[in-house]
Amino acid sequence: MTDTPLTPLEEDDALAAEYVLGVLALPERLAAEARLKTDVDFAARVSVWVAHFAPLNEAYASVPVPPDLLPKIESRLFPKASALRGGWRLWLAGAVTAAVVGVGVFMLMPQTAPGAVIANLGDGGSALVYEARHDGSHLMVTRVAGAPAPEGQTHELWVIAPGAAPVSLGLLGTDPLDVEYPRPPAGWVLAVSVEPAGGSPTGAPTGPVILTAEL
Amino acid sequence: MNATAQIRTETCLLLERISRQDRTAFRDLYHSAGPKLMGVLLRILGTRSEAEDALQEVFTRVWLRAGRFDPSRGAGMTWLVALSRNHAIDRLRARKPEQTDDGVAELIVDTAPRAETRLIAQGEARRVTECFDTLEPARAEAVRGAYLDGLSYESLAARHSIPLNTMRTWLRRSLLKLKECLEQ
């Protein structure tokens, strides 16, 4: 019996189990991960195995977590709305001063941003275009066409993982937005919404979403 | 409702709130589930510093993906542990010399199996234990070691002193046998 080759269904099932166990070498593991995204039947098999093995999770002991980790995670996820807003006010003050002495126009000169372009929000002849770049640790979003949001409003940038709720990455003013953020993988979406000045009061987009780009 | 079931329900509720961008819920989940997930990551990755790095990444993903959690398909904690195991194993497999994970796992496994068996024998896990018992002991141990310690086929083959292909055939047969038992 041990010599009988597996049927194709058994092969799929064994592969799903191997993926959940984690025994596969990297190339096979990556192939299984790619298949998960497109093959509903395979994904269902994987879910079944996750449930089958779940009782083993009781064998994992709990280990105290270091107290300084949560603030690190939070500062990574919630790129300091307060700091951004503070910076915005500071910039406004600077812009006013610059306008007074008649050099305000320099603020609008295109800047050479570092990093590779990962998305263009508002391609294809739209009046407003933001360009997103990533340099390995920072996401930089620059307005390359169109006007900033009218007074009393602001543009807000969101990142959306597949099936997840949007997460704010900060406010888009006249100067480029620069946040420390891991490079979003393919399939994620960047979006821009119009919000009241100071940004969304709820933490989720409240105004119209005017631009989106899938990575 | 017993204590375990209650914790599970709480985890589901927290994940639901996190999917609606609730930062207080995120913090609560970090405190309630963090230690367990840290245990998973530490056991698979072997060092505190790497486990801490991984925990940051795991909680980042929890925040971004909480909306994908579907309570009808399993407990919140199961989803969290699966996410943590996946991330830890991705890290292990991406390491350059493939065999570096073995020494670490060995260290922990050798002291643990008895306590583990006792733990697993509790509650709803009894069924899995019974099905593991239908496998030859060495094979059951290989499946369990692969799951809990994130061992690769290479490490398993080395540990059981058999060729890699034999190990794979062996393990695949055991998995299908296990499934047959679990789904009876």
# chains A, B, ... in the order shown; residues from 1 in each chain; ligands from 1
>>> interface_residues(of="chain A", to="chain B", cutoff="7 Å", atoms="only C-alpha atoms", output="PyMOL selection string")
chain A and resi 14+21-26+54-56+58-65+73+77+161+163-165+203
>>> residues_around(residues="Pro196 in chain A", least_positions_apart="2", cutoff="9 Å", atoms="only C-alpha atoms", output="number ranges by chain")
A: 152-155, 194, 198-201, 206-207
>>> select_by_dssp(residues="chain A", states="alpha helix (DSSP H)", output="PyMOL selection string")
chain A and resi 8-21+26-38+40-53+69-77+81-100
>>> atom_distance(atom1="CA of Pro67 in chain A", atom2="CA of Arg183 in chain A")
26.3 Å
>>> atom_distance(atom1="CA of Glu16 in chain B", atom2="CA of Gly76 in chain B")
9.6 Å
